[in-house]
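Visitor: Have a peek at target-v4.csv (CSV, C-alpha atoms).
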```
chain,number,residue,atom,x,y,z
A,1322,MET,CA,0.0,0.0,0.0
A,1323,VAL,CA,2.8,2.4,0.9
A,1324,ASN,CA,4.6,1.5,-2.4
A,1325,LEU,CA,1.4,2.2,-4.3
A,1326,LEU,CA,1.0,5.6,-2.7
A,1327,TRP,CA,4.7,6.4,-3.3
A,1328,SER,CA,4.3,5.5,-7.0
A,1329,ILE,CA,1.1,7.6,-7.4
A,1330,LEU,CA,2.7,10.6,-5.8
A,1331,CYS,CA,5.8,10.3,-7.9
A,1332,ILE,CA,3.6,10.2,-11.1
A,1333,LEU,CA,1.6,13.2,-9.8
A,1334,ILE,CA,4.8,15.2,-9.2
A,1335,ILE,CA,6.1,14.5,-12.7
A,1336,ALA,CA,2.7,15.4,-14.2
A,1337,GLU,CA,2.6,18.6,-12.1
A,1338,PHE,CA,6.1,19.5,-13.1
A,1339,VAL,CA,5.4,19.0,-16.9
A,1340,LEU,CA,2.2,20.9,-16.6
A,1341,GLY,CA,3.8,23.7,-14.6
A,1342,SER,CA,6.7,24.0,-17.0
A,1343,PHE,CA,4.4,24.1,-20.0
A,1344,VAL,CA,1.9,26.7,-18.7
A,1345,ASN,CA,4.6,29.0,-17.4
A,1346,GLY,CA,6.6,28.6,-20.6
A,1347,PHE,CA,3.3,29.3,-22.5
A,1348,ILE,CA,2.7,32.6,-20.6
A,1349,ALA,CA,6.3,33.8,-21.2
A,1350,LEU,CA,6.1,32.8,-24.9
A,1351,VAL,CA,2.8,34.4,-25.6
A,1352,ASN,CA,3.8,37.7,-23.9
A,1353,CYS,CA,7.2,37.7,-25.7
A,1354,ILE,CA,5.5,37.1,-29.1
A,1355,ASP,CA,3.0,39.9,-28.4
A,1356,TRP,CA,5.9,42.2,-27.4
A,1357,VAL,CA,7.8,41.5,-30.6
A,1358,LYS,CA,4.6,42.3,-32.6
A,1359,LYS,CA,3.6,45.5,-30.8
A,1360,GLN,CA,7.1,46.6,-29.7
A,1361,LYS,CA,5.8,47.3,-26.3
A,1362,MET,CA,4.7,45.3,-23.2
A,1363,SER,CA,2.2,46.4,-20.5
A,1364,CYS,CA,3.3,46.4,-16.8
A,1365,THR,CA,0.9,43.5,-16.2
A,1366,ASP,CA,2.4,41.4,-19.0
A,1367,GLN,CA,6.0,42.3,-17.8
A,1368,ILE,CA,5.1,41.0,-14.3
A,1369,LEU,CA,3.4,37.9,-15.7
A,1370,THR,CA,6.4,37.1,-17.9
A,1371,ALA,CA,9.0,37.5,-15.1
A,1372,LEU,CA,6.7,35.5,-12.8
A,1373,ALA,CA,6.5,32.7,-15.3
A,1374,VAL,CA,10.3,32.6,-15.8
A,1375,SER,CA,10.9,32.6,-12.0
A,1376,ARG,CA,8.4,29.8,-11.5
A,1377,ILE,CA,10.0,27.6,-14.2
A,1378,GLY,CA,13.2,28.0,-12.2
A,1379,LEU,CA,11.5,27.2,-9.0
A,1380,LEU,CA,9.9,24.1,-10.5
A,1381,TRP,CA,13.2,22.8,-11.9
A,1382,VAL,CA,15.1,23.4,-8.6
A,1383,THR,CA,12.3,21.7,-6.6
A,1384,VAL,CA,12.1,18.6,-8.8
A,1385,PHE,CA,15.9,18.3,-9.1
A,1386,ASN,CA,16.2,18.5,-5.3
A,1387,TRP,CA,13.4,15.9,-4.8
A,1388,TYR,CA,14.9,13.5,-7.3
A,1389,ALA,CA,18.3,13.8,-5.6
A,1390,LEU,CA,17.0,13.3,-2.1
A,1391,VAL,CA,14.7,10.4,-2.9
A,1392,CYS,CA,16.7,8.5,-5.5
A,1393,TYR,CA,20.3,9.4,-4.5
A,1394,PRO,CA,20.3,10.3,-0.8
A,1395,GLY,CA,24.1,10.7,-0.7
A,1396,PHE,CA,24.3,12.7,-3.9
A,1397,TYR,CA,24.9,16.2,-2.5
A,1398,THR,CA,28.2,17.5,-1.1
A,1399,SER,CA,28.1,20.5,1.3
A,1400,GLU,CA,28.9,22.9,-1.6
A,1401,GLU,CA,26.2,21.5,-3.8
A,1402,ILE,CA,23.6,21.7,-1.0
A,1403,THR,CA,24.5,25.4,-0.6
A,1404,VAL,CA,24.2,26.1,-4.4
A,1405,VAL,CA,20.8,24.3,-4.6
A,1406,HIS,CA,19.5,26.1,-1.5
A,1407,ILE,CA,20.5,29.5,-2.8
A,1408,ALA,CA,18.9,28.7,-6.2
A,1409,TRP,CA,15.7,27.7,-4.5
A,1410,VAL,CA,15.7,30.8,-2.2
A,1411,VAL,CA,16.3,33.2,-5.2
A,1412,SER,CA,13.6,31.6,-7.4
A,1413,ASN,CA,11.1,31.3,-4.6
A,1414,HIS,CA,11.8,34.9,-3.6
A,1415,PHE,CA,11.0,36.3,-7.0
A,1416,THR,CA,8.1,34.0,-7.5
A,1417,LEU,CA,6.5,35.2,-4.3
A,1418,TRP,CA,7.2,38.9,-4.6
A,1419,LEU,CA,6.2,39.1,-8.3
A,1420,ALA,CA,2.9,37.5,-7.5
A,1421,THR,CA,2.4,40.0,-4.7
A,1422,CYS,CA,3.2,42.8,-7.2
A,1423,LEU,CA,0.6,41.4,-9.5
A,1424,SER,CA,-2.0,41.4,-6.7
A,1425,THR,CA,-1.0,45.0,-5.9
A,1426,LEU,CA,-1.3,46.1,-9.5
A,1427,TYR,CA,-4.8,44.5,-9.8
A,1428,LEU,CA,-5.8,46.5,-6.7
A,1429,LEU,CA,-4.5,49.8,-8.0
A,1430,LYS,CA,-5.9,49.4,-11.5
A,1431,ILE,CA,-9.3,47.9,-10.6
A,1432,ALA,CA,-10.4,49.2,-7.2
A,1433,ASN,CA,-12.1,52.5,-6.8
A,1434,PHE,CA,-11.6,54.6,-3.7
A,1435,SER,CA,-12.0,58.4,-3.2
A,1436,SER,CA,-8.9,58.7,-0.9
A,1437,ARG,CA,-6.3,61.1,-2.3
A,1438,PHE,CA,-3.5,58.8,-1.2
A,1439,PHE,CA,-5.0,55.9,-3.0
A,1440,LEU,CA,-5.7,58.0,-6.2
A,1441,HIS,CA,-2.0,59.1,-6.1
A,1442,LEU,CA,-0.9,55.4,-5.8
A,1443,LYS,CA,-3.3,54.5,-8.6
A,1444,TRP,CA,-1.8,57.2,-10.9
A,1445,LYS,CA,1.7,56.0,-10.1
A,1446,ALA,CA,0.9,52.2,-10.2
A,1447,LYS,CA,3.9,51.3,-12.3
A,1448,ARG,CA,6.3,53.2,-10.0
A,1449,VAL,CA,4.7,51.6,-6.9
A,1450,VAL,CA,5.3,48.1,-8.4
A,1451,LEU,CA,8.9,48.9,-9.2
A,1452,LEU,CA,9.5,50.3,-5.7
A,1453,ILE,CA,8.2,47.1,-4.2
A,1454,LEU,CA,10.4,45.0,-6.4
A,1455,TRP,CA,13.5,47.1,-5.5
A,1456,GLU,CA,12.8,47.2,-1.8
A,1457,ASN,CA,12.2,43.5,-1.4
A,1458,LEU,CA,15.8,42.9,-2.7
A,1459,VAL,CA,16.9,43.9,0.8
A,1460,PHE,CA,15.3,40.7,2.1
A,1461,LEU,CA,16.9,38.6,-0.6
A,1462,VAL,CA,20.4,40.0,0.1
A,1463,CYS,CA,20.0,39.5,3.9
A,1464,HIS,CA,18.7,36.0,3.4
A,1465,LEU,CA,21.6,35.0,1.1
A,1466,ALA,CA,24.1,36.5,3.5
A,1467,VAL,CA,22.7,34.6,6.4
A,1468,ILE,CA,22.6,31.3,4.4
A,1469,SER,CA,26.2,31.8,3.4
A,1470,ILE,CA,27.3,32.3,7.1
A,1471,ASP,CA,25.1,29.4,8.2
A,1472,ARG,CA,26.7,27.0,5.7
A,1473,LYS,CA,30.2,28.1,6.4
A,1474,MET,CA,29.7,27.6,10.2
A,1475,GLY,CA,28.2,24.2,9.5
A,1476,MET,CA,31.3,23.1,7.5
A,1477,ASN,CA,33.7,24.5,10.2
A,1478,ASP,CA,32.0,23.0,13.2
A,1479,TYR,CA,35.1,21.3,14.5
A,1480,GLU,CA,37.1,24.6,14.8
A,1481,GLY,CA,37.3,26.8,17.9
A,1482,ASN,CA,35.4,26.7,21.2
A,1483,ILE,CA,32.5,24.1,20.8
A,1484,SER,CA,30.1,25.8,23.2
A,1485,ARG,CA,30.6,29.3,21.7
A,1486,LYS,CA,30.4,27.8,18.2
A,1487,THR,CA,27.1,26.1,19.0
A,1488,ASN,CA,25.5,29.3,20.5
A,1489,LEU,CA,26.7,31.3,17.5
A,1490,LYS,CA,25.3,28.7,15.1
A,1491,ASP,CA,21.9,28.7,16.9
A,1492,THR,CA,21.8,32.5,16.6
A,1493,VAL,CA,22.6,32.4,12.9
A,1494,HIS,CA,20.0,29.6,12.3
A,1495,LEU,CA,17.4,31.6,14.2
A,1496,THR,CA,18.3,34.7,12.1
A,1497,ASN,CA,17.9,32.6,8.9
A,1498,LEU,CA,14.5,31.4,10.0
A,1499,THR,CA,13.4,35.0,11.0
A,1500,VAL,CA,14.5,36.5,7.6
A,1501,PHE,CA,12.8,33.6,5.8
A,1502,THR,CA,9.6,34.2,7.8
A,1503,LEU,CA,9.5,37.9,7.2
A,1504,ALA,CA,10.3,37.5,3.4
A,1505,ASN,CA,7.2,35.2,3.2
A,1506,PHE,CA,4.9,36.9,5.8
A,1507,ILE,CA,5.1,40.4,4.5
A,1508,PRO,CA,4.1,39.6,0.8
A,1509,PHE,CA,1.3,37.4,2.2
A,1510,ILE,CA,-0.1,40.3,4.2
A,1511,MET,CA,0.2,42.6,1.2
A,1512,SER,CA,-1.7,40.2,-1.0
A,1513,LEU,CA,-4.3,39.6,1.7
A,1514,THR,CA,-4.8,43.3,2.1
A,1515,ALA,CA,-5.2,43.7,-1.7
A,1516,PHE,CA,-7.8,40.9,-1.6
A,1517,LEU,CA,-9.8,42.5,1.2
A,1518,LEU,CA,-9.7,46.0,-0.4
A,1519,LEU,CA,-10.8,44.5,-3.7
A,1520,ILE,CA,-13.8,42.8,-1.9
A,1521,PHE,CA,-14.6,46.2,-0.2
A,1522,SER,CA,-14.3,48.0,-3.6
A,1523,LEU,CA,-16.6,45.4,-5.2
A,1524,TRP,CA,-19.1,45.8,-2.4
A,1525,LYS,CA,-19.2,49.6,-2.8
A,1526,HIS,CA,-19.5,49.3,-6.5
A,1527,LEU,CA,-22.5,46.8,-6.3
A,1528,LYS,CA,-24.2,49.0,-3.7
A,1529,LYS,CA,-23.8,52.0,-6.1
A,1530,MET,CA,-25.2,50.0,-9.0
A,1531,GLN,CA,-28.2,49.0,-6.8
A,1532,LEU,CA,-28.9,52.6,-5.9
A,1533,THR,CA,-28.8,53.7,-9.6
A,1534,GLY,CA,-31.0,50.8,-10.6
A,1535,LYS,CA,-28.4,49.1,-12.8
A,1536,GLY,CA,-27.7,45.4,-12.9
A,1537,PRO,CA,-24.8,43.8,-11.0
A,1538,GLN,CA,-23.3,42.2,-14.1
A,1539,ASP,CA,-21.6,45.3,-15.5
A,1540,PRO,CA,-18.0,45.2,-16.9
A,1541,SER,CA,-16.5,46.8,-13.7
A,1542,SER,CA,-18.1,44.1,-11.5
A,1543,ASN,CA,-16.8,41.3,-13.7
A,1544,VAL,CA,-13.3,42.7,-13.6
A,1545,HIS,CA,-13.5,43.0,-9.8
A,1546,VAL,CA,-14.7,39.4,-9.5
A,1547,ARG,CA,-12.0,38.0,-11.8
A,1548,ALA,CA,-9.2,39.9,-10.0
A,1549,THR,CA,-10.6,38.9,-6.6
A,1550,GLN,CA,-10.8,35.2,-7.6
A,1551,THR,CA,-7.2,35.3,-8.9
A,1552,VAL,CA,-5.9,36.7,-5.7
A,1553,ILE,CA,-7.8,34.3,-3.4
A,1554,PHE,CA,-6.5,31.3,-5.4
A,1555,PHE,CA,-3.0,32.7,-5.0
A,1556,LEU,CA,-3.5,33.1,-1.2
A,1557,LEU,CA,-4.9,29.6,-0.8
A,1558,LEU,CA,-2.1,27.9,-2.8
A,1559,PHE,CA,0.5,30.0,-1.0
A,1560,VAL,CA,-0.8,29.0,2.4
A,1561,ILE,CA,-0.5,25.3,1.3
A,1562,PHE,CA,3.0,26.0,0.0
A,1563,THR,CA,4.1,27.7,3.2
A,1564,ALA,CA,2.7,25.0,5.4
A,1565,GLN,CA,4.7,22.3,3.6
A,1566,ILE,CA,7.9,24.4,3.7
A,1567,THR,CA,7.4,24.9,7.4
A,1568,SER,CA,6.8,21.2,8.0
A,1569,ILE,CA,10.1,20.3,6.2
A,1570,TRP,CA,12.0,23.1,8.0
A,1571,SER,CA,10.8,22.0,11.4
A,1572,SER,CA,11.1,18.2,11.1
A,1573,LEU,CA,13.4,17.4,8.1
A,1574,THR,CA,15.1,14.5,9.9
A,1575,LEU,CA,11.7,12.9,10.8
A,1576,LEU,CA,10.3,12.8,7.3
A,1577,ASN,CA,10.3,9.5,5.5
A,1578,ASN,CA,10.2,9.1,1.7
A,1579,SER,CA,6.4,9.1,1.4
A,1580,ALA,CA,6.1,12.3,3.6
A,1581,LEU,CA,8.8,14.0,1.6
A,1582,ILE,CA,7.2,13.2,-1.7
A,1583,LEU,CA,3.8,14.5,-0.4
A,1584,ASN,CA,5.5,17.7,0.6
A,1585,GLN,CA,7.1,18.0,-2.8
A,1586,PHE,CA,3.7,17.4,-4.5
A,1587,LEU,CA,2.2,20.3,-2.5
A,1588,ALA,CA,5.2,22.5,-3.2
A,1589,ILE,CA,4.9,22.1,-7.0
A,1590,LEU,CA,1.1,22.6,-6.8
A,1591,TYR,CA,1.6,26.3,-6.0
A,1592,PRO,CA,3.7,27.5,-9.0
A,1593,SER,CA,1.8,25.2,-11.4
A,1594,GLY,CA,-1.8,25.7,-10.2
A,1595,HIS,CA,-1.7,29.4,-9.9
A,1596,SER,CA,-0.2,29.9,-13.3
A,1597,LEU,CA,-3.0,27.8,-14.8
A,1598,ILE,CA,-5.5,30.1,-13.1
A,1599,LEU,CA,-3.7,33.2,-14.4
A,1600,ILE,CA,-4.1,31.8,-18.0
A,1601,TRP,CA,-7.8,31.2,-17.5
A,1602,ARG,CA,-8.4,34.6,-15.9
A,1603,ASN,CA,-6.4,36.6,-18.5
A,1604,LYS,CA,-8.3,37.1,-21.8
A,1605,LYS,CA,-5.3,37.3,-24.1
A,1606,LEU,CA,-3.7,34.2,-22.5
A,1607,ARG,CA,-7.0,32.3,-22.4
A,1608,LEU,CA,-7.7,32.9,-26.1
A,1609,ALA,CA,-4.1,32.0,-27.1
A,1610,PHE,CA,-4.4,28.8,-25.0
A,1611,LEU,CA,-7.7,27.8,-26.5
A,1612,SER,CA,-6.3,28.5,-30.0
A,1613,PHE,CA,-3.3,26.3,-29.2
A,1614,LEU,CA,-5.7,23.4,-28.0
A,1615,TRP,CA,-7.7,23.8,-31.2
A,1616,GLN,CA,-4.6,23.6,-33.4
A,1617,LEU,CA,-3.4,20.6,-31.4
A,1618,ARG,CA,-6.7,18.9,-31.8
A,1619,CYS,CA,-6.7,19.5,-35.6
A,1620,TRP,CA,-3.1,18.2,-35.8
A,1621,LEU,CA,-4.0,15.0,-33.9
A,1622,LYS,CA,-6.9,14.4,-36.2
A,1623,GLU,CA,-4.7,14.8,-39.3
A,1624,ARG,CA,-2.2,12.3,-37.8
A,1625,LYS,CA,-5.0,9.7,-37.5
```
Rewrite the coordinates I just gave you, this time as structure tokens.

Guide:
Amino acid sequence: MVNLLWSILCILIIAEFVLGSFVNGFIALVNCIDWVKKQKMSCTDQILTALAVSRIGLLWVTVFNWYALVCYPGFYTSEEITVVHIAWVVSNHFTLWLATCLSTLYLLKIANFSSRFFLHLKWKAKRVVLLILWENLVFLVCHLAVISIDRKMGMNDYEGNISRKTNLKDTVHLTNLTVFTLANFIPFIMSLTAFLLLIFSLWKHLKKMQLTGKGPQDPSSNVHVRATQTVIFFLLLFVIFTAQITSIWSSLTLLNNSALILNQFLAILYPSGHSLILIWRNKKLRLAFLSFLWQLRCWLKERK
């Protein structure tokens, strides 16, 4: 029974990886082709393209790490562990913050509030997104610095005073965990705030439509609903992703192969599932995807 579950999860991980690589590659390709044709790319498309590329990197690092840990437990040297960890941290960092920027951009472009501060942010939406991207690099630099110190201390455990070395190592590990938590908690709160403000904006808009005697199914309401659904799906998948990362972090030595594979399955669900939702909720990407499926169907019919 355990072997059957192990096999099923392995197949699902491979299927998720292939699907995730395809949908993210599709997003990047469609936006790049559109950019070549029009010689310009909107801020939303730029974020979607960068997000797709970072998620492809995250998928490859995650699957490579899973394959090495499960199939070749002694495969990694200390240096290789550090390189893989840094690659995962960088790809995960940009994946998370670019998705947060996308949620923020949806809020600024779609929501309607009379506040002067919000109107100013709405007018400077592109600059706000760029500012978020630049400022979050502080977390990345700090995280990479702490990881580097933590790894070096781990490799030099035998040198110096053991008690002092242990205390210093615990401090560095705690700092590493703190930076990781902040780098994940802050964008989650920002996306959650964007979701709540979109809900509030939608409620105000529907109330206004009701007072004017117009129906609720106007274009603005539909845009609000699509953006809100996209953000809530991101939040749900991110909560699952963070939960499995936390479980690995807190009990890595206690996880058997089946538990490790289950965690990897949940980890890949986040960058694959959300990108699929982004395609379905974006009109240009959805039409391009349906066109691709139609052409694939015609090609398969011709082959028969």

Visitor: Skipping near chain neighbours, those fewer than 6 positions away, what residues fall within 9 Å of Leu1340 (chain A) using all atoms listed in the file, listed as a count of residues only?

Guide: 3

Visitor: Using all atoms listed in the file, which of the listed residues (A:Glu1456, A:Phe1586, A:Arg1547, A:Thr1365) sits closest to Leu1519 (chain A)?

Guide: A:Arg1547

Visitor: Which of these residues is nearest to Asn1345 (chain A), using only C-alpha atoms: A:Leu1379, A:Val1410, A:Ile1329, A:Leu1495?

Guide: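 Nearest to Asn1345 (chain A): A:Leu1379.
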
Visitor: For Ala1389 (chain A), which of A:Cys1619, A:Ile1582, A:Leu1419, A:Ile1510 is the closest residue, counting only C-alpha atoms?

Guide: A:Ile1582

Visitor: Could you add the missing atoms to region 1408-1419 of chain A, up to all heavy atoms, and return them as a PDB file, in the frame of the given file?

Guide:
```
ATOM      1  N   ALA A1408      19.752  28.658  -5.013  1.00  0.00           N
ATOM      2  CA  ALA A1408      18.900  28.700  -6.200  1.00  0.00           C
ATOM      3  C   ALA A1408      17.448  28.647  -5.870  1.00  0.00           C
ATOM      4  O   ALA A1408      16.620  29.368  -6.464  1.00  0.00           O
ATOM      5  CB  ALA A1408      19.296  27.536  -7.148  1.00  0.00           C
ATOM      6  N   TRP A1409      17.100  27.820  -4.883  1.00  0.00           N
ATOM      7  CA  TRP A1409      15.700  27.700  -4.500  1.00  0.00           C
ATOM      8  C   TRP A1409      15.248  29.030  -3.808  1.00  0.00           C
ATOM      9  O   TRP A1409      14.143  29.523  -4.085  1.00  0.00           O
ATOM     10  CB  TRP A1409      15.517  26.575  -3.472  1.00  0.00           C
ATOM     11  CG  TRP A1409      14.092  26.391  -3.059  1.00  0.00           C
ATOM     12  CD1 TRP A1409      13.144  25.642  -3.683  1.00  0.00           C
ATOM     13  CD2 TRP A1409      13.431  27.014  -1.935  1.00  0.00           C
ATOM     14  NE1 TRP A1409      11.939  25.754  -3.025  1.00  0.00           N
ATOM     15  CE2 TRP A1409      12.091  26.586  -1.956  1.00  0.00           C
ATOM     16  CE3 TRP A1409      13.861  27.875  -0.929  1.00  0.00           C
ATOM     17  CZ2 TRP A1409      11.172  26.993  -0.999  1.00  0.00           C
ATOM     18  CZ3 TRP A1409      12.940  28.294   0.029  1.00  0.00           C
ATOM     19  CH2 TRP A1409      11.609  27.855  -0.010  1.00  0.00           C
ATOM     20  N   VAL A1410      16.073  29.597  -2.943  1.00  0.00           N
ATOM     21  CA  VAL A1410      15.700  30.800  -2.200  1.00  0.00           C
ATOM     22  C   VAL A1410      15.499  31.978  -3.252  1.00  0.00           C
ATOM     23  O   VAL A1410      14.516  32.724  -3.152  1.00  0.00           O
ATOM     24  CB  VAL A1410      16.826  31.231  -1.235  1.00  0.00           C
ATOM     25  CG1 VAL A1410      16.634  32.665  -0.754  1.00  0.00           C
ATOM     26  CG2 VAL A1410      16.810  30.279  -0.051  1.00  0.00           C
ATOM     27  N   VAL A1411      16.384  32.109  -4.243  1.00  0.00           N
ATOM     28  CA  VAL A1411      16.300  33.200  -5.200  1.00  0.00           C
ATOM     29  C   VAL A1411      14.997  33.015  -6.070  1.00  0.00           C
ATOM     30  O   VAL A1411      14.213  33.962  -6.248  1.00  0.00           O
ATOM     31  CB  VAL A1411      17.512  33.225  -6.145  1.00  0.00           C
ATOM     32  CG1 VAL A1411      17.312  34.203  -7.292  1.00  0.00           C
ATOM     33  CG2 VAL A1411      18.752  33.612  -5.342  1.00  0.00           C
ATOM     34  N   SER A1412      14.777  31.808  -6.598  1.00  0.00           N
ATOM     35  CA  SER A1412      13.600  31.600  -7.400  1.00  0.00           C
ATOM     36  C   SER A1412      12.303  31.708  -6.637  1.00  0.00           C
ATOM     37  O   SER A1412      11.318  32.285  -7.114  1.00  0.00           O
ATOM     38  CB  SER A1412      13.672  30.193  -8.103  1.00  0.00           C
ATOM     39  OG  SER A1412      13.795  29.170  -7.134  1.00  0.00           O
ATOM     40  N   ASN A1413      12.289  31.206  -5.405  1.00  0.00           N
ATOM     41  CA  ASN A1413      11.100  31.300  -4.600  1.00  0.00           C
ATOM     42  C   ASN A1413      10.838  32.779  -4.186  1.00  0.00           C
ATOM     43  O   ASN A1413       9.677  33.220  -4.162  1.00  0.00           O
ATOM     44  CB  ASN A1413      11.294  30.501  -3.281  1.00  0.00           C
ATOM     45  CG  ASN A1413      10.121  30.632  -2.332  1.00  0.00           C
ATOM     46  OD1 ASN A1413       9.016  30.210  -2.612  1.00  0.00           O
ATOM     47  ND2 ASN A1413      10.365  31.244  -1.177  1.00  0.00           N
ATOM     48  N   HIS A1414      11.909  33.537  -3.917  1.00  0.00           N
ATOM     49  CA  HIS A1414      11.800  34.900  -3.600  1.00  0.00           C
ATOM     50  C   HIS A1414      11.094  35.739  -4.683  1.00  0.00           C
ATOM     51  O   HIS A1414      10.100  36.447  -4.455  1.00  0.00           O
ATOM     52  CB  HIS A1414      13.154  35.536  -3.272  1.00  0.00           C
ATOM     53  CG  HIS A1414      13.142  36.998  -2.979  1.00  0.00           C
ATOM     54  ND1 HIS A1414      12.977  37.509  -1.711  1.00  0.00           N
ATOM     55  CD2 HIS A1414      13.254  38.089  -3.802  1.00  0.00           C
ATOM     56  CE1 HIS A1414      12.990  38.841  -1.759  1.00  0.00           C
ATOM     57  NE2 HIS A1414      13.164  39.211  -3.013  1.00  0.00           N
ATOM     58  N   PHE A1415      11.598  35.603  -5.909  1.00  0.00           N
ATOM     59  CA  PHE A1415      11.000  36.300  -7.000  1.00  0.00           C
ATOM     60  C   PHE A1415       9.626  35.843  -7.385  1.00  0.00           C
ATOM     61  O   PHE A1415       8.760  36.635  -7.771  1.00  0.00           O
ATOM     62  CB  PHE A1415      11.948  36.289  -8.232  1.00  0.00           C
ATOM     63  CG  PHE A1415      13.154  37.179  -8.115  1.00  0.00           C
ATOM     64  CD1 PHE A1415      14.418  36.654  -7.954  1.00  0.00           C
ATOM     65  CD2 PHE A1415      13.007  38.553  -8.137  1.00  0.00           C
ATOM     66  CE1 PHE A1415      15.525  37.477  -7.832  1.00  0.00           C
ATOM     67  CE2 PHE A1415      14.107  39.401  -8.015  1.00  0.00           C
ATOM     68  CZ  PHE A1415      15.374  38.850  -7.855  1.00  0.00           C
ATOM     69  N   THR A1416       9.399  34.553  -7.256  1.00  0.00           N
ATOM     70  CA  THR A1416       8.100  34.000  -7.500  1.00  0.00           C
ATOM     71  C   THR A1416       7.035  34.629  -6.569  1.00  0.00           C
ATOM     72  O   THR A1416       5.949  35.052  -6.992  1.00  0.00           O
ATOM     73  CB  THR A1416       8.073  32.479  -7.326  1.00  0.00           C
ATOM     74  OG1 THR A1416       8.895  31.891  -8.334  1.00  0.00           O
ATOM     75  CG2 THR A1416       6.680  31.899  -7.433  1.00  0.00           C
ATOM     76  N   LEU A1417       7.392  34.691  -5.297  1.00  0.00           N
ATOM     77  CA  LEU A1417       6.500  35.200  -4.300  1.00  0.00           C
ATOM     78  C   LEU A1417       6.236  36.706  -4.444  1.00  0.00           C
ATOM     79  O   LEU A1417       5.095  37.182  -4.464  1.00  0.00           O
ATOM     80  CB  LEU A1417       7.020  34.896  -2.897  1.00  0.00           C
ATOM     81  CG  LEU A1417       6.250  35.454  -1.700  1.00  0.00           C
ATOM     82  CD1 LEU A1417       4.806  34.977  -1.739  1.00  0.00           C
ATOM     83  CD2 LEU A1417       6.922  35.020  -0.407  1.00  0.00           C
ATOM     84  N   TRP A1418       7.304  37.483  -4.594  1.00  0.00           N
ATOM     85  CA  TRP A1418       7.200  38.900  -4.600  1.00  0.00           C
ATOM     86  C   TRP A1418       6.568  39.415  -5.957  1.00  0.00           C
ATOM     87  O   TRP A1418       5.842  40.421  -5.995  1.00  0.00           O
ATOM     88  CB  TRP A1418       8.514  39.594  -4.393  1.00  0.00           C
ATOM     89  CG  TRP A1418       8.844  39.660  -2.931  1.00  0.00           C
ATOM     90  CD1 TRP A1418       9.624  38.786  -2.221  1.00  0.00           C
ATOM     91  CD2 TRP A1418       8.381  40.625  -1.985  1.00  0.00           C
ATOM     92  NE1 TRP A1418       9.680  39.150  -0.904  1.00  0.00           N
ATOM     93  CE2 TRP A1418       8.931  40.284  -0.730  1.00  0.00           C
ATOM     94  CE3 TRP A1418       7.575  41.754  -2.074  1.00  0.00           C
ATOM     95  CZ2 TRP A1418       8.684  41.018   0.418  1.00  0.00           C
ATOM     96  CZ3 TRP A1418       7.323  42.494  -0.930  1.00  0.00           C
ATOM     97  CH2 TRP A1418       7.881  42.128   0.303  1.00  0.00           C
ATOM     98  N   LEU A1419       6.837  38.725  -7.056  1.00  0.00           N
ATOM     99  CA  LEU A1419       6.200  39.100  -8.300  1.00  0.00           C
ATOM    100  C   LEU A1419       4.708  38.838  -8.289  1.00  0.00           C
ATOM    101  O   LEU A1419       3.922  39.628  -8.832  1.00  0.00           O
ATOM    102  CB  LEU A1419       6.863  38.339  -9.481  1.00  0.00           C
ATOM    103  CG  LEU A1419       8.253  38.829  -9.897  1.00  0.00           C
ATOM    104  CD1 LEU A1419       8.946  37.811 -10.807  1.00  0.00           C
ATOM    105  CD2 LEU A1419       8.159  40.190 -10.599  1.00  0.00           C
TER     106      LEU A1419
END
```
